[in-house]
Amino acid sequence: QVQLVESGGDLVQAGGSLRLSCAASGRIESINFMGWYRQAPGKQRELVAGITSADSIPYAPAMKGRFTISRDSAKNTVYLQMSSLRPEDTAVYYCTVRSLGYTYWGQGTQVTVSS
């Protein structure tokens with residue numbers, strides 16, 4: 001089992017920045033992927049960014065150049081630095097990890113970008 005605690009969601013104006021954090025606990029020694037998804041109202045959940053033990057995976061075009069994922073292995077934490085935020089980035093952001101063939105999800109953190 002892996003437990004995830006997210007933080008950092010907030011209301012921000014367009015053009016602003018936020019950093020999301022996700023701290024993992026439990027069977028963390030077997031985590032081979034950490035990432036962020038988001039889900040806007042009425043839309044499907046979509047991958048925002050991901051990082052393996054080796055490197056980050058390619059960003060989706062909408063996030064490239066604005067979002068950066070990083071991982072602090074010592075703190076078992078993954079971060080999502082978001083800049084140049086747009087109203088269309090408004091969504092609930094979910095942290096996810098994969099460990100021993102299982103996928104775990106955080107409770108989600110709300111990001112709202114006002115125009």
# chains A, B, ... in the order shown; residues from 1 in each chain; ligands from 1
>>> residues_around(residues="segment 83-98 of chain A", least_positions_apart="4", cutoff="8 Å", atoms="only C-alpha atoms", output="ChimeraX atom specification")
/A:4,6,9,13-18,22,31-41,66-67,102-115
>>> select_by_dssp(residues="chain A", states="strand (DSSP E)", output="ChimeraX atom specification")
/A:2-7,11-13,18-26,31-39,46-52,67-72,77-82,91-99,102-105,109-114
>>> select_by_dssp(residues="chain A", states="helix (DSSP H, G or I)", output="PDB file with N, CA and C atoms, in the first residue's frame")
ATOM      1  N   ILE A  28       6.938   2.627  -0.386  1.00  0.00           N
ATOM      2  CA  ILE A  28       7.533   3.578  -1.316  1.00  0.00           C
ATOM      3  C   ILE A  28       8.773   3.032  -1.989  1.00  0.00           C
ATOM      4  N   GLU A  29       9.351   1.975  -1.440  1.00  0.00           N
ATOM      5  CA  GLU A  29      10.584   1.469  -2.024  1.00  0.00           C
ATOM      6  C   GLU A  29      10.357   0.809  -3.363  1.00  0.00           C
ATOM      7  N   SER A  30       9.104   0.545  -3.699  1.00  0.00           N
ATOM      8  CA  SER A  30       8.801  -0.138  -4.945  1.00  0.00           C
ATOM      9  C   SER A  30       8.168   0.774  -5.996  1.00  0.00           C
ATOM     10  N   PRO A  87      -6.752  30.015 -17.616  1.00  0.00           N
ATOM     11  CA  PRO A  87      -8.050  29.560 -17.092  1.00  0.00           C
ATOM     12  C   PRO A  87      -8.353  28.110 -17.451  1.00  0.00           C
ATOM     13  N   GLU A  88      -7.897  27.656 -18.600  1.00  0.00           N
ATOM     14  CA  GLU A  88      -8.163  26.274 -19.000  1.00  0.00           C
ATOM     15  C   GLU A  88      -7.341  25.253 -18.206  1.00  0.00           C
ATOM     16  N   ASP A  89      -6.438  25.717 -17.364  1.00  0.00           N
ATOM     17  CA  ASP A  89      -5.720  24.812 -16.466  1.00  0.00           C
ATOM     18  C   ASP A  89      -6.534  24.509 -15.206  1.00  0.00           C
TER      19      ASP A  89
END
>>> atom_distance(atom1="atom CA of Asn76 of chain A", atom2="atom CA of Leu47 of chain A")
20.4 Å
>>> atom_distance(atom1="atom CA of Asp72 of chain A", atom2="atom CA of Ala54 of chain A")
12.8 Å
>>> closest_residue(among="A:Pro58, A:Gly101, A:Leu20, A:Arg27", to="Arg71 of chain A", atoms="only C-alpha atoms")
A:Leu20
